[in-house]
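Colleague: Got query_30.cif for you, mmCIF, C-alpha atoms:
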```cif
data_structure
#
loop_
_atom_site.group_PDB
_atom_site.id
_atom_site.type_symbol
_atom_site.label_atom_id
_atom_site.label_comp_id
_atom_site.auth_asym_id
_atom_site.auth_seq_id
_atom_site.Cartn_x
_atom_site.Cartn_y
_atom_site.Cartn_z
ATOM 1 C CA ALA A 1024 -1.172 4.917 27.940
ATOM 2 C CA TYR A 1025 -1.131 1.783 25.769
ATOM 3 C CA MET A 1026 2.652 1.788 25.626
ATOM 4 C CA ALA A 1027 2.893 2.213 29.396
ATOM 5 C CA GLU A 1028 0.639 -0.811 29.826
ATOM 6 C CA VAL A 1029 2.835 -2.904 27.524
ATOM 7 C CA VAL A 1030 5.994 -1.900 29.420
ATOM 8 C CA ARG A 1031 4.296 -2.521 32.778
ATOM 9 C CA GLY A 1032 3.363 -6.014 31.639
ATOM 10 C CA GLY A 1033 6.945 -6.665 30.573
ATOM 11 C CA LEU A 1034 8.303 -5.507 33.913
ATOM 12 C CA GLN A 1035 5.838 -7.702 35.792
ATOM 13 C CA ALA A 1036 6.907 -10.699 33.703
ATOM 14 C CA ILE A 1037 10.450 -10.506 35.080
ATOM 15 C CA PRO A 1038 10.804 -13.034 37.926
ATOM 16 C CA LYS A 1039 11.189 -11.610 41.415
ATOM 17 C CA GLY A 1040 14.447 -13.529 41.753
ATOM 18 C CA GLN A 1041 16.071 -11.199 39.216
ATOM 19 C CA TYR A 1042 15.305 -8.202 41.423
ATOM 20 C CA GLU A 1043 16.514 -10.054 44.515
ATOM 21 C CA GLY A 1044 19.694 -11.130 42.756
ATOM 22 C CA ALA A 1045 20.440 -7.527 41.794
ATOM 23 C CA ASP A 1046 19.790 -6.441 45.377
ATOM 24 C CA SER A 1047 22.148 -9.128 46.687
ATOM 25 C CA LEU A 1048 24.869 -7.773 44.402
ATOM 26 C CA GLY A 1049 24.432 -4.383 46.041
ATOM 27 C CA LEU A 1050 23.213 -2.620 42.908
ATOM 28 C CA GLY A 1051 21.300 0.620 43.256
ATOM 29 C CA TYR A 1052 17.852 1.121 41.737
ATOM 30 C CA TRP A 1053 19.074 2.605 38.450
ATOM 31 C CA GLN A 1054 21.847 0.030 38.068
ATOM 32 C CA LYS A 1055 19.386 -2.772 38.802
ATOM 33 C CA MET A 1056 16.918 -1.467 36.240
ATOM 34 C CA GLY A 1057 19.514 -0.609 33.582
ATOM 35 C CA LEU A 1058 21.700 -3.694 33.846
ATOM 36 C CA ILE A 1059 19.385 -6.482 34.977
ATOM 37 C CA VAL A 1060 15.669 -5.796 34.580
ATOM 38 C CA LEU A 1061 15.194 -3.598 31.508
ATOM 39 C CA PRO A 1062 17.311 -5.674 29.084
ATOM 40 C CA GLN A 1063 15.170 -8.705 29.912
ATOM 41 C CA ALA A 1064 11.919 -6.746 29.837
ATOM 42 C CA LEU A 1065 12.762 -5.188 26.464
ATOM 43 C CA LYS A 1066 12.990 -8.608 24.865
ATOM 44 C CA LEU A 1067 9.582 -9.501 26.284
ATOM 45 C CA VAL A 1068 7.758 -6.317 25.262
ATOM 46 C CA ILE A 1069 8.881 -6.081 21.624
ATOM 47 C CA PRO A 1070 5.829 -7.999 20.297
ATOM 48 C CA GLY A 1071 3.474 -5.837 22.361
ATOM 49 C CA ILE A 1072 5.130 -2.629 21.229
ATOM 50 C CA VAL A 1073 4.954 -3.635 17.573
ATOM 51 C CA ASN A 1074 1.325 -4.671 18.034
ATOM 52 C CA THR A 1075 0.567 -1.248 19.506
ATOM 53 C CA PHE A 1076 2.272 0.489 16.582
ATOM 54 C CA ILE A 1077 0.375 -1.597 14.038
ATOM 55 C CA GLY A 1078 -2.913 -0.874 15.792
ATOM 56 C CA MET A 1079 -2.114 2.816 15.948
ATOM 57 C CA PHE A 1080 -1.283 2.813 12.248
ATOM 58 C CA LYS A 1081 -4.501 1.069 11.303
ATOM 59 C CA ASP A 1082 -6.881 2.811 13.713
ATOM 60 C CA THR A 1083 -5.719 6.403 13.361
ATOM 61 C CA SER A 1084 -4.472 8.685 10.663
ATOM 62 C CA LEU A 1085 -0.875 8.248 11.714
ATOM 63 C CA VAL A 1086 0.327 9.600 8.410
ATOM 64 C CA TYR A 1087 -1.609 12.801 9.034
ATOM 65 C CA ILE A 1088 0.035 13.220 12.442
ATOM 66 C CA ILE A 1089 3.537 13.166 10.953
ATOM 67 C CA GLY A 1090 2.573 15.761 8.360
ATOM 68 C CA MET A 1091 1.765 13.728 5.282
ATOM 69 C CA PHE A 1092 -1.606 13.361 3.628
ATOM 70 C CA ASP A 1093 -4.166 10.939 4.970
ATOM 71 C CA LEU A 1094 -4.404 8.211 2.354
ATOM 72 C CA LEU A 1095 -8.046 7.263 2.870
ATOM 73 C CA GLY A 1096 -9.020 10.927 3.139
ATOM 74 C CA VAL A 1097 -7.481 11.649 -0.258
ATOM 75 C CA VAL A 1098 -9.212 8.645 -1.835
ATOM 76 C CA LYS A 1099 -12.585 9.731 -0.398
ATOM 77 C CA LEU A 1100 -11.962 13.323 -1.489
ATOM 78 C CA HIS A 1101 -11.481 12.199 -5.083
ATOM 79 C CA PHE A 1102 -14.817 10.359 -5.045
ATOM 80 C CA SER A 1103 -16.538 13.747 -5.365
ATOM 81 C CA ASP A 1104 -14.461 14.548 -8.466
ATOM 82 C CA ALA A 1105 -16.328 13.822 -11.714
ATOM 83 C CA ASN A 1106 -13.302 12.017 -13.160
ATOM 84 C CA TRP A 1107 -13.217 9.621 -10.194
ATOM 85 C CA ALA A 1108 -16.975 9.148 -9.856
ATOM 86 C CA THR A 1109 -17.156 5.782 -11.623
ATOM 87 C CA PRO A 1110 -17.413 2.638 -9.466
ATOM 88 C CA GLN A 1111 -14.335 1.133 -11.110
ATOM 89 C CA THR A 1112 -12.022 4.029 -10.216
ATOM 90 C CA ALA A 1113 -13.472 4.205 -6.710
ATOM 91 C CA ARG A 1114 -12.852 0.507 -6.233
ATOM 92 C CA SER A 1115 -9.303 0.731 -7.565
ATOM 93 C CA GLY A 1116 -8.585 3.683 -5.255
ATOM 94 C CA LEU A 1117 -9.780 1.736 -2.221
ATOM 95 C CA VAL A 1118 -7.886 -1.385 -3.297
ATOM 96 C CA PHE A 1119 -4.719 0.677 -3.651
ATOM 97 C CA ALA A 1120 -5.238 2.225 -0.192
ATOM 98 C CA ALA A 1121 -5.845 -1.237 1.286
ATOM 99 C CA PHE A 1122 -2.656 -2.504 -0.351
ATOM 100 C CA VAL A 1123 -0.616 0.380 1.071
ATOM 101 C CA PHE A 1124 -1.983 -0.254 4.587
ATOM 102 C CA TRP A 1125 -1.329 -3.991 4.226
ATOM 103 C CA LEU A 1126 2.205 -3.344 2.992
ATOM 104 C CA PHE A 1127 3.062 -1.143 5.982
ATOM 105 C CA CYS A 1128 1.516 -3.525 8.535
ATOM 106 C CA PHE A 1129 3.148 -6.582 6.967
ATOM 107 C CA GLY A 1130 6.504 -4.811 6.888
ATOM 108 C CA MET A 1131 6.234 -3.816 10.545
ATOM 109 C CA SER A 1132 5.301 -7.352 11.605
ATOM 110 C CA ARG A 1133 8.188 -8.858 9.612
ATOM 111 C CA TYR A 1134 10.609 -6.363 11.144
ATOM 112 C CA SER A 1135 9.294 -7.330 14.575
ATOM 113 C CA MET A 1136 9.919 -11.001 13.861
ATOM 114 C CA TYR A 1137 13.431 -10.183 12.631
ATOM 115 C CA THR A 1138 14.146 -8.149 15.770
ATOM 116 C CA GLU A 1139 12.870 -10.932 18.028
ATOM 117 C CA ARG A 1140 15.067 -13.479 16.254
ATOM 118 C CA ARG A 1141 18.073 -11.164 16.402
ATOM 119 C CA LEU A 1142 17.632 -10.620 20.139
ATOM 120 C CA ASP A 1143 16.974 -14.358 20.619
ATOM 121 C CA THR A 1144 14.649 -14.076 23.587
ATOM 122 C CA GLY A 1145 14.943 -17.777 24.341
ATOM 123 C CA HIS A 1146 11.220 -18.067 25.091
ATOM 124 C CA LYS A 1147 9.143 -20.781 23.487
ATOM 125 C CA ARG A 1148 6.095 -19.704 21.496
#
```
Could you quickly redo this structure as structure tokens?
Modeller:
Amino acid sequence: AYMAEVVRGGLQAIPKGQYEGADSLGLGYWQKMGLIVLPQALKLVIPGIVNTFIGMFKDTSLVYIIGMFDLLGVVKLHFSDANWATPQTARSGLVFAAFVFWLFCFGMSRYSMYTERRLDTGHKR
């Protein structure tokens, strides 16, 4: 639902003149969307899509969904282990988990910026 909202916003951001221009060329609906509207909308929705992915990564156990272990769950599980029960090891486990989350989110945001530059949207920030 979040992704649909991002795409809807991108489609609404396309000026009505683009649709009218495609109609004046005699393009059908699918040609109009595939050749005129969607390429422009894609450039506009990339930041929103990346933001949704980053939020999904941070707010849910995305790693668990794709079949890997949940990082915070494993750290919390080891807190009950006698070898991990000291405050120092607990703190280092949480700091490591925070670093891994930061690394993934930072990497995704940098890739988004690279993709935006590569597509050269032409919009001022």
Colleague: What separation in Å, quoted to one decimal, exists between atom CA of A:Leu1095 and atom CA of A:Lys1081?
Modeller: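 So the two atoms, atom CA of A:Leu1095 and atom CA of A:Lys1081, lie 11.0 Å apart.
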Colleague: Any idea what the distance is between atom CA of A:Asp1143 and atom CA of A:Val1073?
Modeller: 16.4 Å
Colleague: Identify, on the basis of all atoms listed in the file, every residue whose closest approach to A:Gly1116 does not exceed 10 Å; exclude the query and any residue fewer than 6 positions from it along the same chain; express the result as a PyMOL selection string.
Modeller: chain A and resi 1094-1095+1097-1099+1101-1102+1107+1110+1122
Colleague: So the first atom is atom CA of A:Ile1037 and the second is atom CA of A:Val1060; what is the distance between them in Å, to one decimal place?
Modeller: 7.0 Å
Colleague: Any idea what's packed within 10 Å of A:Met1131, counting only C-alpha atoms, ignoring anything in its chain fewer than 3 positions away? Could you give it as a PyMOL selection string?
Modeller: chain A and resi 1073-1074+1076-1077+1125-1128+1134-1137
Colleague: For the structure provided, state which residues fall under the PyMOL selection byres ((chain A and resi 1026) around 12), and present them as a ChimeraX atom specification.
Modeller: /A:1024-1025,1027-1033,1068-1076,1078-1079
Colleague: Next, write the just-selected residues to a file, as a compact mmCIF listing (two decimals), keeping the file's coordinate frame, keeping C-alpha atoms as the atom set.
Modeller:
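File produced: selection-v7.txt:
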```
# COMPACT_ATOMS: atom_id res chain seq x y z
CA ALA A 1024 -1.17 4.92 27.94
CA TYR A 1025 -1.13 1.78 25.77
CA ALA A 1027 2.89 2.21 29.40
CA GLU A 1028 0.64 -0.81 29.83
CA VAL A 1029 2.84 -2.90 27.52
CA VAL A 1030 5.99 -1.90 29.42
CA ARG A 1031 4.30 -2.52 32.78
CA GLY A 1032 3.36 -6.01 31.64
CA GLY A 1033 6.94 -6.66 30.57
CA VAL A 1068 7.76 -6.32 25.26
CA ILE A 1069 8.88 -6.08 21.62
CA PRO A 1070 5.83 -8.00 20.30
CA GLY A 1071 3.47 -5.84 22.36
CA ILE A 1072 5.13 -2.63 21.23
CA VAL A 1073 4.95 -3.64 17.57
CA ASN A 1074 1.32 -4.67 18.03
CA THR A 1075 0.57 -1.25 19.51
CA PHE A 1076 2.27 0.49 16.58
CA GLY A 1078 -2.91 -0.87 15.79
CA MET A 1079 -2.11 2.82 15.95
```
